[in-house]
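Visitor: Structure file model_14.txt (compact mmCIF, C-alpha atoms) right here:
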```txt
# COMPACT_ATOMS: atom_id res chain seq x y z
CA MET A 1 105.41 23.09 26.04
CA ILE A 2 107.82 24.70 23.64
CA VAL A 3 111.06 22.73 23.50
CA ALA A 4 114.34 24.50 22.84
CA GLU A 5 118.01 23.64 23.07
CA LYS A 6 121.03 25.73 23.92
CA LYS A 7 122.98 27.32 21.10
CA PRO A 8 126.67 26.36 20.89
CA MET A 9 128.90 28.65 22.98
CA GLU A 10 130.81 29.72 19.87
CA GLU A 11 127.64 31.04 18.22
CA VAL A 12 126.53 32.91 21.35
CA ILE A 13 129.96 34.55 21.67
CA LYS A 14 129.82 35.63 18.03
CA GLU A 15 126.40 37.23 18.57
CA ILE A 16 127.36 39.43 21.50
CA LYS A 17 131.11 40.03 21.11
CA ASP A 18 130.72 43.62 19.94
CA TYR A 19 128.66 44.82 22.90
CA LYS A 20 129.90 45.99 26.28
CA ASN A 21 126.81 45.96 28.51
CA ILE A 22 124.78 42.83 27.98
CA LEU A 23 121.62 41.58 29.66
CA LEU A 24 121.15 37.81 29.76
CA LEU A 25 117.41 37.35 29.92
CA GLY A 26 115.99 33.98 30.94
CA CYS A 27 112.40 32.75 30.93
CA ASN A 28 110.73 30.86 33.75
CA GLU A 29 108.37 28.83 31.58
CA CYS A 30 108.93 26.17 28.89
CA VAL A 31 112.67 26.76 28.42
CA THR A 32 113.19 26.26 32.16
CA VAL A 33 111.50 22.86 32.01
CA CYS A 34 113.56 21.77 29.00
CA GLU A 35 116.71 23.05 30.75
CA ALA A 36 117.70 25.44 27.97
CA GLY A 37 116.96 28.96 29.18
CA GLY A 38 115.83 29.12 32.80
CA LYS A 39 117.46 30.87 35.75
CA LYS A 40 120.00 28.09 36.14
CA GLU A 41 121.07 28.15 32.49
CA VAL A 42 121.26 31.96 32.59
CA GLY A 43 123.63 31.74 35.58
CA ILE A 44 125.86 29.15 33.92
CA LEU A 45 126.01 30.95 30.57
CA ALA A 46 126.63 34.35 32.20
CA SER A 47 129.48 32.96 34.29
CA ALA A 48 131.04 31.24 31.26
CA LEU A 49 130.72 34.36 29.08
CA ARG A 50 132.19 36.63 31.77
CA MET A 51 135.20 34.33 32.02
CA TYR A 52 135.58 34.04 28.26
CA PHE A 53 135.63 37.79 27.66
CA LEU A 54 137.84 38.46 30.70
CA ASN A 55 140.30 35.91 29.35
CA GLN A 56 140.25 37.76 26.01
CA GLY A 57 141.13 40.97 27.85
CA GLU A 58 137.71 42.51 27.22
CA GLU A 59 135.77 44.25 29.92
CA LYS A 60 132.08 43.47 29.72
CA ARG A 61 129.17 43.81 32.08
CA ILE A 62 126.96 40.75 31.80
CA ASP A 63 123.90 40.87 34.06
CA GLU A 64 121.39 38.11 34.70
CA VAL A 65 117.61 38.45 34.89
CA THR A 66 115.01 35.72 34.55
CA LEU A 67 111.44 36.80 33.91
CA GLU A 68 108.31 34.81 34.65
CA ARG A 69 107.59 34.85 30.90
CA GLN A 70 108.87 36.76 27.90
CA CYS A 71 105.69 36.35 25.86
CA ASP A 72 103.53 38.67 27.98
CA HIS A 73 103.60 42.46 28.25
CA GLU A 74 103.41 42.64 32.03
CA TYR A 75 106.54 40.57 32.65
CA LEU A 76 108.59 42.31 29.96
CA GLU A 77 107.60 45.64 31.57
CA GLU A 78 109.60 44.60 34.66
CA ILE A 79 112.87 45.48 32.92
CA ARG A 80 111.74 48.79 31.39
CA ASP A 81 113.50 50.93 34.01
CA ARG A 82 116.90 49.30 33.41
CA ILE A 83 116.83 48.29 29.75
CA ASP A 84 118.49 51.54 28.63
CA THR A 85 121.62 50.67 30.60
CA TYR A 86 122.37 47.78 28.22
CA ASP A 87 123.75 47.72 24.69
CA ALA A 88 122.20 44.33 23.83
CA VAL A 89 119.99 41.59 25.20
CA LEU A 90 120.75 37.88 24.87
CA SER A 91 117.39 36.20 25.38
CA LEU A 92 117.26 32.56 26.38
CA ALA A 93 113.50 32.41 25.78
CA CYS A 94 111.94 30.64 22.81
CA GLY A 95 111.59 32.45 19.49
CA VAL A 96 108.32 33.97 20.70
CA GLY A 97 110.00 35.59 23.69
CA VAL A 98 112.89 36.93 21.61
CA GLN A 99 110.47 38.51 19.12
CA PHE A 100 108.18 39.96 21.76
CA MET A 101 111.20 41.46 23.47
CA ALA A 102 112.34 42.93 20.14
CA ASP A 103 108.82 44.30 19.48
CA LYS A 104 108.64 45.98 22.84
CA TYR A 105 112.11 47.50 23.12
CA VAL A 106 112.67 48.76 19.59
CA SER A 107 116.12 50.33 19.95
CA ILE A 108 117.87 47.48 21.82
CA PRO A 109 119.37 44.65 19.75
CA VAL A 110 118.01 41.27 20.90
CA TYR A 111 119.83 38.01 20.18
CA PRO A 112 118.59 34.43 20.63
CA GLY A 113 120.53 32.20 23.02
CA VAL A 114 118.59 29.03 22.22
CA ASN A 115 117.30 27.20 19.16
CA THR A 116 113.53 26.76 19.43
CA CYS A 117 112.72 23.24 18.26
CA PHE A 118 109.11 22.07 18.64
CA LEU A 119 106.01 21.59 20.81
CA GLY A 120 106.72 18.53 22.86
CA ALA A 121 106.67 16.61 26.09
CA THR A 122 109.29 15.51 28.62
CA GLU A 123 109.46 11.74 28.16
CA LYS A 124 112.10 11.58 30.86
CA ARG A 125 114.72 14.01 32.11
CA GLY A 126 116.93 14.91 29.17
CA LEU A 127 114.58 13.50 26.53
CA TRP A 128 111.95 15.68 24.88
CA THR A 129 109.89 14.54 21.92
CA GLU A 130 107.58 16.28 19.48
CA ARG A 131 103.86 15.85 20.10
CA CYS A 132 102.08 18.70 18.30
CA GLN A 133 102.58 20.79 15.17
CA ALA A 134 99.95 23.38 16.05
CA CYS A 135 98.07 22.66 12.81
CA GLY A 136 95.07 24.57 14.12
CA GLN A 137 92.52 21.81 13.60
CA CYS A 138 92.95 18.98 16.08
CA ILE A 139 92.12 15.48 14.86
CA LEU A 140 93.14 13.61 18.01
CA ALA A 141 89.53 12.56 18.62
CA SER A 142 89.68 10.35 15.53
CA THR A 143 93.21 9.02 16.04
CA ALA A 144 93.01 7.52 19.53
CA GLY A 145 94.77 10.49 21.12
CA ILE A 146 97.95 10.01 19.05
CA CYS A 147 98.77 12.69 16.50
CA PRO A 148 99.77 11.49 13.02
CA ILE A 149 100.42 15.08 11.93
CA SER A 150 103.31 15.56 14.34
CA ARG A 151 104.44 11.97 14.84
CA CYS A 152 104.18 10.49 11.34
CA ALA A 153 106.97 11.55 8.97
CA LYS A 154 104.44 11.76 6.12
CA ARG A 155 101.67 13.37 8.23
CA ILE A 156 99.47 10.64 6.78
CA LEU A 157 95.78 10.73 7.73
CA ASN A 158 94.86 7.13 6.94
CA GLY A 159 97.88 5.00 7.75
CA PRO A 160 100.12 3.24 8.15
CA CYS A 161 102.00 3.53 4.88
CA GLY A 162 104.13 0.81 3.33
CA GLY A 163 107.21 2.05 5.18
CA SER A 164 106.01 0.77 8.54
CA THR A 165 107.88 -2.37 9.65
CA ASN A 166 107.48 -4.08 13.02
CA GLY A 167 106.00 -0.91 14.46
CA LYS A 168 108.89 1.30 13.33
CA CYS A 169 109.06 4.01 10.69
CA GLU A 170 111.20 3.61 7.57
CA ILE A 171 113.05 6.86 8.25
CA SER A 172 114.57 5.52 11.48
CA LYS A 173 114.60 2.20 13.29
CA GLU A 174 114.25 4.08 16.54
CA LEU A 175 111.16 5.99 15.49
CA ASP A 176 107.78 4.47 16.33
CA CYS A 177 105.27 4.37 13.49
CA ALA A 178 102.55 6.77 14.67
CA TRP A 179 99.87 4.73 12.91
CA GLN A 180 101.06 1.53 14.59
CA LEU A 181 100.71 3.36 17.92
CA ILE A 182 97.20 4.46 16.92
CA ILE A 183 96.20 0.90 16.02
CA ASN A 184 97.70 -0.47 19.26
CA ARG A 185 95.74 2.06 21.29
CA LEU A 186 92.49 1.47 19.38
CA LYS A 187 92.92 -2.28 20.07
CA ALA A 188 93.57 -1.61 23.77
CA MET A 189 90.37 0.43 23.92
CA SER A 190 88.43 -2.19 21.88
CA ARG A 191 87.65 0.48 19.30
CA MET A 192 89.16 -1.12 16.20
CA ASP A 193 85.92 -0.43 14.32
CA ASP A 194 86.94 3.26 14.36
CA TYR A 195 90.01 2.34 12.30
CA GLU A 196 87.73 1.55 9.37
CA ILE A 197 86.38 5.12 9.32
CA LEU A 198 88.37 7.06 6.75
CA LEU A 199 89.48 10.53 7.70
CA ASP A 200 88.47 13.29 5.30
CA ILE A 201 90.98 15.48 3.53
CA LYS A 202 92.30 17.88 6.12
CA ASP A 203 91.74 21.61 5.81
CA TRP A 204 95.28 22.95 5.99
CA SER A 205 94.27 26.60 5.86
CA SER A 206 94.51 26.77 9.65
CA ASP A 207 98.10 25.43 9.46
CA ARG A 208 101.12 27.58 8.58
CA ALA A 209 100.19 27.17 4.91
CA GLY A 210 97.71 29.98 5.38
CA GLY A 211 100.42 32.39 6.57
CA PRO A 212 100.98 33.66 10.13
CA ARG A 213 97.96 32.88 12.30
CA LYS A 214 96.16 34.57 15.13
CA VAL A 215 93.50 33.72 17.65
CA VAL A 216 90.98 36.48 18.40
CA ARG A 217 88.69 36.33 21.41
CA GLU A 218 86.63 39.49 21.46
CA ASP A 219 84.64 38.25 24.46
CA VAL A 220 87.69 38.45 26.71
CA GLN A 221 89.27 41.54 25.21
CA GLU A 222 89.28 44.78 27.20
CA MET B 1 146.58 8.47 60.36
CA ARG B 2 147.39 12.20 60.27
CA LEU B 3 148.32 12.10 56.60
CA SER B 4 149.14 15.39 54.96
CA TYR B 5 148.04 16.72 51.59
CA PRO B 6 148.87 19.96 49.72
CA THR B 7 147.85 22.96 51.83
CA SER B 8 146.52 24.99 48.91
CA ILE B 9 143.53 22.66 48.61
CA LYS B 10 140.41 24.11 50.15
CA ILE B 11 137.69 21.64 51.05
CA ILE B 12 134.05 22.60 50.56
CA ARG B 13 131.76 20.12 52.26
CA VAL B 14 128.46 19.20 50.66
CA PRO B 15 125.84 16.74 51.94
CA CYS B 16 126.26 14.67 48.77
CA THR B 17 128.18 15.24 45.52
CA GLY B 18 124.73 15.27 43.89
CA LYS B 19 124.41 18.78 45.37
CA VAL B 20 127.30 20.05 43.23
CA ASP B 21 126.14 21.83 40.12
CA VAL B 22 127.88 23.20 37.03
CA ILE B 23 127.37 26.75 38.31
CA HIS B 24 129.27 25.97 41.55
CA ILE B 25 132.24 24.74 39.53
CA LEU B 26 132.16 27.71 37.13
CA ARG B 27 131.84 30.27 39.96
CA SER B 28 134.93 28.75 41.61
CA PHE B 29 136.88 29.50 38.46
CA GLU B 30 135.35 32.96 38.17
CA LYS B 31 136.55 33.61 41.72
CA GLY B 32 140.07 32.49 40.82
CA ALA B 33 140.33 28.78 41.66
CA ASP B 34 143.06 27.04 39.65
CA GLY B 35 141.27 23.72 39.63
CA VAL B 36 138.25 21.96 41.08
CA TYR B 37 137.87 18.30 41.86
CA VAL B 38 134.81 16.57 43.21
CA VAL B 39 135.30 13.59 45.52
CA GLY B 40 132.24 11.41 45.80
CA CYS B 41 131.40 8.04 47.29
CA MET B 42 132.11 4.87 45.32
CA GLU B 43 129.76 4.41 42.39
CA GLY B 44 126.83 2.30 43.51
CA ASP B 45 127.33 3.31 47.15
CA CYS B 46 125.50 6.63 47.05
CA HIS B 47 123.18 7.07 50.05
CA PHE B 48 120.86 8.98 47.73
CA ASN B 49 121.30 6.38 44.97
CA LYS B 50 122.32 8.62 42.07
CA GLY B 51 124.14 11.59 43.66
CA ASN B 52 127.65 10.67 42.56
CA PHE B 53 126.49 9.72 39.05
CA ARG B 54 124.82 13.10 38.73
CA ALA B 55 128.01 14.79 39.93
CA ARG B 56 130.05 12.91 37.32
CA LYS B 57 127.77 14.18 34.54
CA ARG B 58 127.92 17.74 35.85
CA VAL B 59 131.69 17.58 36.06
CA ALA B 60 131.70 16.48 32.40
CA GLN B 61 129.42 19.42 31.49
CA ALA B 62 131.73 21.85 33.32
CA GLN B 63 134.75 20.36 31.54
CA LYS B 64 133.15 20.92 28.15
CA MET B 65 132.16 24.47 29.02
CA LEU B 66 135.65 25.31 30.31
CA ASP B 67 137.14 23.88 27.12
CA ASP B 68 134.72 26.01 25.06
CA ILE B 69 135.79 29.23 26.79
CA GLY B 70 139.51 28.51 26.74
CA ILE B 71 140.09 27.92 30.47
CA GLY B 72 140.73 24.19 29.98
CA GLY B 73 138.46 21.32 30.92
CA GLU B 74 141.30 19.31 32.47
CA ARG B 75 141.20 21.65 35.46
CA VAL B 76 138.08 19.82 36.64
CA LYS B 77 137.97 16.17 37.69
CA MET B 78 135.73 13.68 39.46
CA TYR B 79 137.09 11.10 41.90
CA ASN B 80 135.38 8.34 43.85
CA LEU B 81 136.44 6.77 47.13
CA SER B 82 134.95 5.40 50.32
CA SER B 83 135.11 7.40 53.56
CA SER B 84 137.67 5.03 55.10
CA GLU B 85 140.24 5.47 52.33
CA ALA B 86 142.36 8.33 53.66
CA PRO B 87 145.53 7.31 51.77
CA LEU B 88 143.53 7.35 48.54
CA PHE B 89 142.15 10.80 49.41
CA VAL B 90 145.73 12.02 49.79
CA LYS B 91 146.73 10.33 46.53
CA PHE B 92 143.93 12.11 44.65
CA ALA B 93 144.80 15.45 46.29
CA LYS B 94 148.45 15.13 45.25
CA GLU B 95 147.50 13.97 41.75
CA MET B 96 145.23 16.98 41.25
CA PHE B 97 147.79 19.33 42.80
CA ASP B 98 150.51 18.08 40.42
CA LYS B 99 148.14 18.42 37.47
CA ILE B 100 147.36 22.04 38.36
CA VAL B 101 151.03 22.87 38.89
CA GLU B 102 151.68 21.45 35.42
CA LEU B 103 148.82 23.52 33.90
CA GLY B 104 149.76 26.73 35.69
CA PRO B 105 147.44 29.27 37.32
CA ASN B 106 143.88 30.00 36.24
CA PRO B 107 144.17 32.49 33.33
CA ILE B 108 141.20 34.42 34.75
CA LYS B 109 143.35 35.58 37.68
CA SER B 110 145.99 37.22 35.49
CA ALA B 111 143.28 38.64 33.20
CA LYS B 112 141.59 40.25 36.21
CA LYS B 113 144.91 41.73 37.36
CA LYS B 114 145.61 43.13 33.88
CA ASN B 115 142.15 44.70 33.86
CA ILE B 116 142.71 46.36 37.24
CA ASN B 117 146.13 47.64 36.11
CA ARG B 118 144.57 49.07 32.94
CA GLN B 119 141.90 50.81 34.98
CA THR B 120 144.44 52.38 37.37
CA GLU B 121 146.60 53.51 34.46
CA ALA B 122 143.58 55.10 32.81
CA ALA B 123 142.70 56.86 36.08
```
Represent the supplied structure as structure tokens.
Guide:
Amino acid sequence: MIVAEKKPMEEVIKEIKDYKNILLLGCNECVTVCEAGGKKEVGILASALRMYFLNQGEEKRIDEVTLERQCDHEYLEEIRDRIDTYDAVLSLACGVGVQFMADKYVSIPVYPGVNTCFLGATEKRGLWTERCQACGQCILASTAGICPISRCAKRILNGPCGGSTNGKCEISKELDCAWQLIINRLKAMSRMDDYEILLDIKDWSSDRAGGPRKVVREDVQE
Amino acid sequence: MRLSYPTSIKIIRVPCTGKVDVIHILRSFEKGADGVYVVGCMEGDCHFNKGNFRARKRVAQAQKMLDDIGIGGERVKMYNLSSSEAPLFVKFAKEMFDKIVELGPNPIKSAKKKNINRQTEAA
């Protein structure tokens, strides 16, 4: 899922202070799971903002809506009939949701309420770690299901490098060396012979280096 | 024991302090409460294992948020006691009451009043 974290209150206040009618728009998907922008967070932020502005002597209408998703037309359509009653939208969705919202409702200013961080997993409640960089050409088949692109600081394809000590990366003692994890897993699967197979130079054109990407599936298009 | 504690304290019963969320605390302030304190079981004695620890963390989150928006995080506090400690319950109630008296009323209340006055003047 996409992992995001809440923006500091100060920054959010700065974004919306000049508007009177504000819609706080949450998203029921990834940002709900990482506790940054779901219905619950929308409620808490809306309550806090209402109190802040009231305390400043400013009258503001801050409404709360949480959509199933903000990255699909059909869910964003649900607010079409009421969007004109607001001066601005504070979206707690990931960067995709904020942009899709901005694309769809051209005349309404849209502000982000979270910082979108990475594609990751919930290791335990309150701890999310990066697992994928969406490079567009998955090599997990050759790396024992552990991704050196997202989990190795150097994105090294045939590791580990000289900075790996006792299974940890040289950039942080808390960070596991991805290549050590790969070796451990290959050993556990009795597939250490695979470690001797060198990976070819990766084609990075499917990564961000080739500019913004898209996936086209004409067979499912209407 | 028939002990008395300040009459302005309104008790909201929950099945476990683990049920209390940040939003419940914030809404209390939005509705005009001057302070909120959560009284849970002794740490380690939670029937649901982690309820009172969760409450403590949520109280801390609410404190930070109230500090961020200028209401004051010290208006929220977490206490722990066992159900047989009535004198301690009274002690906590008085302690919180004195703290709130020292801090004064919730600024949201006067802000709401000012807003209403402004609206009537404009009308």
Visitor: Which distance in Å separates CA of Leu45 (chain A) and CA of Val59 (chain B), to one decimal?
Guide: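 Calculated distance between CA of Leu45 (chain A) and CA of Val59 (chain B) is 15.5 Å.
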Visitor: Nearest residue to chain A out of B:Gly32, B:Pro87, B:Gly51, B:Gly104, using only C-alpha atoms?
Guide: B:Gly32
Visitor: Determine, counting all atoms listed in the file, which protein, DNA and RNA residues have an atom within 10 Å of an atom of Leu186 (chain A); residues of the same chain fewer than 4 positions away are not included. Present the result as a PDB file with C-alpha atoms, keeping the file's coordinate frame.
Guide:
```
ATOM      1  CA  THR A 143      93.210   9.020  16.040  1.00  0.00           C
ATOM      2  CA  ALA A 144      93.010   7.520  19.530  1.00  0.00           C
ATOM      3  CA  GLY A 145      94.770  10.490  21.120  1.00  0.00           C
ATOM      4  CA  GLN A 180     101.060   1.530  14.590  1.00  0.00           C
ATOM      5  CA  LEU A 181     100.710   3.360  17.920  1.00  0.00           C
ATOM      6  CA  ILE A 182      97.200   4.460  16.920  1.00  0.00           C
ATOM      7  CA  SER A 190      88.430  -2.190  21.880  1.00  0.00           C
ATOM      8  CA  ARG A 191      87.650   0.480  19.300  1.00  0.00           C
ATOM      9  CA  MET A 192      89.160  -1.120  16.200  1.00  0.00           C
ATOM     10  CA  ASP A 193      85.920  -0.430  14.320  1.00  0.00           C
ATOM     11  CA  ASP A 194      86.940   3.260  14.360  1.00  0.00           C
ATOM     12  CA  TYR A 195      90.010   2.340  12.300  1.00  0.00           C
TER      13      TYR A 195
END
```
Visitor: Here is a test: counting only C-alpha atoms, which residue of B:Arg2, B:Lys64, B:Arg27, B:Lys10 is nearest to chain A?
Guide: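 The answer is B:Arg27, which sits nearest to chain A.
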Visitor: Just checking: using all atoms listed in the file, which residue out of A:Leu54, A:Cys135, A:Ala141, A:Leu49 ends up closest to Pro107 (chain B)?
Guide: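 Closest to Pro107 (chain B), using all atoms listed in the file: A:Leu54.
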Visitor: At what distance in Å, to one decimal, does CA of Leu24 (chain A) lie from CA of Asp34 (chain B)?
Guide: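 Between CA of Asp34 (chain B) and CA of Leu24 (chain A) the gap is 26.3 Å.
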Visitor: From the options B:Val39, B:Ser28, B:Gly44, B:Ile100, which residue's atoms come nearest to Ala86 (chain B), counting all atoms listed in the file?
Guide: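 Of the candidates, the smallest distance to Ala86 (chain B) is held by B:Val39.
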Visitor: Can you measure CA of Arg58 (chain B) to CA of Tyr52 (chain A) for me? One decimal in Å is fine.
Guide: 19.5 Å
Visitor: Select residues of chain B: the criterion is any atom within 12 Å of an atom of chain A, counting all atoms listed in the file; output as a VMD selection string.
Guide: chain B and resid 21 to 32 58 61 to 72 106 to 119
Visitor: Give me the residues within 10 Å of region 116-119 of chain A as a ChimeraX atom specification, counting only C-alpha atoms and dropping any in the same chain fewer than 5 places off.
Guide: /A:1-7,30-31,36,92-96,128-134,150
Visitor: Could you check the closest approach to Tyr19 (chain A) for each of A:Asp87, A:Glu68, A:Asp176, A:Glu74 and tell me which residue wins, using all atoms listed in the file?
Guide: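 Among the listed residues, the smallest separation from Tyr19 (chain A) belongs to A:Asp87.
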Visitor: When distances are computed from all atoms listed in the file, which of B:Glu95, B:Glu121, B:Glu85, B:Glu43 shows the smallest separation from Thr17 (chain B)?
Guide: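 Closest to Thr17 (chain B) of all the choices is B:Glu43.
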Visitor: Missing atoms in region 147-157 of chain A: can you complete it with all heavy atoms, as an mmCIF file, keeping the file's coordinate frame?
Guide:
```cif
data_model
loop_
_atom_site.group_PDB
_atom_site.id
_atom_site.type_symbol
_atom_site.label_atom_id
_atom_site.label_comp_id
_atom_site.auth_asym_id
_atom_site.auth_seq_id
_atom_site.Cartn_x
_atom_site.Cartn_y
_atom_site.Cartn_z
ATOM 1 N N CYS A 147 98.850 11.775 17.635
ATOM 2 C CA CYS A 147 98.770 12.690 16.500
ATOM 3 C C CYS A 147 99.619 12.241 15.307
ATOM 4 O O CYS A 147 100.853 12.240 15.394
ATOM 5 C CB CYS A 147 99.213 14.082 16.948
ATOM 6 S SG CYS A 147 99.271 15.233 15.584
ATOM 7 N N PRO A 148 98.977 11.877 14.197
ATOM 8 C CA PRO A 148 99.770 11.490 13.020
ATOM 9 C C PRO A 148 100.378 12.695 12.305
ATOM 10 O O PRO A 148 101.299 12.542 11.508
ATOM 11 C CB PRO A 148 98.746 10.779 12.130
ATOM 12 C CG PRO A 148 97.431 11.342 12.509
ATOM 13 C CD PRO A 148 97.530 11.767 13.944
ATOM 14 N N ILE A 149 99.871 13.883 12.594
ATOM 15 C CA ILE A 149 100.420 15.080 11.930
ATOM 16 C C ILE A 149 101.836 15.366 12.467
ATOM 17 O O ILE A 149 102.751 15.658 11.710
ATOM 18 C CB ILE A 149 99.516 16.318 12.172
ATOM 19 C CG1 ILE A 149 98.068 16.037 11.779
ATOM 20 C CG2 ILE A 149 100.052 17.559 11.443
ATOM 21 C CD1 ILE A 149 97.842 15.652 10.333
ATOM 22 N N SER A 150 101.998 15.249 13.772
ATOM 23 C CA SER A 150 103.310 15.560 14.340
ATOM 24 C C SER A 150 104.206 14.329 14.468
ATOM 25 O O SER A 150 105.422 14.444 14.506
ATOM 26 C CB SER A 150 103.157 16.203 15.712
ATOM 27 O OG SER A 150 102.435 15.351 16.572
ATOM 28 N N ARG A 151 103.609 13.140 14.539
ATOM 29 C CA ARG A 151 104.440 11.970 14.840
ATOM 30 C C ARG A 151 104.652 11.024 13.668
ATOM 31 O O ARG A 151 105.415 10.074 13.767
ATOM 32 C CB ARG A 151 103.842 11.234 16.029
ATOM 33 C CG ARG A 151 103.816 12.155 17.249
ATOM 34 C CD ARG A 151 103.234 11.495 18.449
ATOM 35 N NE ARG A 151 104.088 10.435 18.959
ATOM 36 C CZ ARG A 151 103.778 9.701 20.021
ATOM 37 N NH1 ARG A 151 102.661 9.920 20.674
ATOM 38 N NH2 ARG A 151 104.593 8.766 20.439
ATOM 39 N N CYS A 152 103.960 11.288 12.547
ATOM 40 C CA CYS A 152 104.180 10.490 11.340
ATOM 41 C C CYS A 152 105.005 11.354 10.382
ATOM 42 O O CYS A 152 104.670 12.518 10.167
ATOM 43 C CB CYS A 152 102.843 10.115 10.710
ATOM 44 S SG CYS A 152 102.982 9.498 9.023
ATOM 45 N N ALA A 153 106.081 10.767 9.834
ATOM 46 C CA ALA A 153 106.970 11.550 8.970
ATOM 47 C C ALA A 153 106.232 12.098 7.752
ATOM 48 O O ALA A 153 106.559 13.158 7.231
ATOM 49 C CB ALA A 153 108.143 10.687 8.525
ATOM 50 N N LYS A 154 105.194 11.338 7.305
ATOM 51 C CA LYS A 154 104.440 11.760 6.120
ATOM 52 C C LYS A 154 103.186 12.538 6.476
ATOM 53 O O LYS A 154 102.416 12.895 5.578
ATOM 54 C CB LYS A 154 104.047 10.534 5.307
ATOM 55 C CG LYS A 154 105.174 9.869 4.563
ATOM 56 C CD LYS A 154 104.644 8.641 3.855
ATOM 57 C CE LYS A 154 105.707 7.976 3.012
ATOM 58 N NZ LYS A 154 105.250 6.666 2.529
ATOM 59 N N ARG A 155 102.900 12.726 7.738
ATOM 60 C CA ARG A 155 101.670 13.370 8.230
ATOM 61 C C ARG A 155 100.434 12.676 7.637
ATOM 62 O O ARG A 155 99.449 13.338 7.276
ATOM 63 C CB ARG A 155 101.613 14.847 7.813
ATOM 64 C CG ARG A 155 102.693 15.721 8.374
ATOM 65 C CD ARG A 155 102.584 17.065 7.706
ATOM 66 N NE ARG A 155 103.139 18.132 8.532
ATOM 67 C CZ ARG A 155 102.797 19.411 8.395
ATOM 68 N NH1 ARG A 155 101.926 19.776 7.495
ATOM 69 N NH2 ARG A 155 103.325 20.320 9.159
ATOM 70 N N ILE A 156 100.520 11.371 7.487
ATOM 71 C CA ILE A 156 99.470 10.640 6.780
ATOM 72 C C ILE A 156 98.191 10.549 7.622
ATOM 73 O O ILE A 156 98.260 10.403 8.838
ATOM 74 C CB ILE A 156 100.045 9.256 6.388
ATOM 75 C CG1 ILE A 156 99.564 8.829 5.021
ATOM 76 C CG2 ILE A 156 99.760 8.207 7.414
ATOM 77 C CD1 ILE A 156 100.367 7.671 4.465
ATOM 78 N N LEU A 157 97.045 10.703 6.991
ATOM 79 C CA LEU A 157 95.780 10.730 7.730
ATOM 80 C C LEU A 157 95.112 9.359 7.826
ATOM 81 O O LEU A 157 94.312 9.124 8.718
ATOM 82 C CB LEU A 157 94.811 11.724 7.089
ATOM 83 C CG LEU A 157 95.110 13.190 7.386
ATOM 84 C CD1 LEU A 157 94.152 14.082 6.629
ATOM 85 C CD2 LEU A 157 95.010 13.486 8.862
#
```
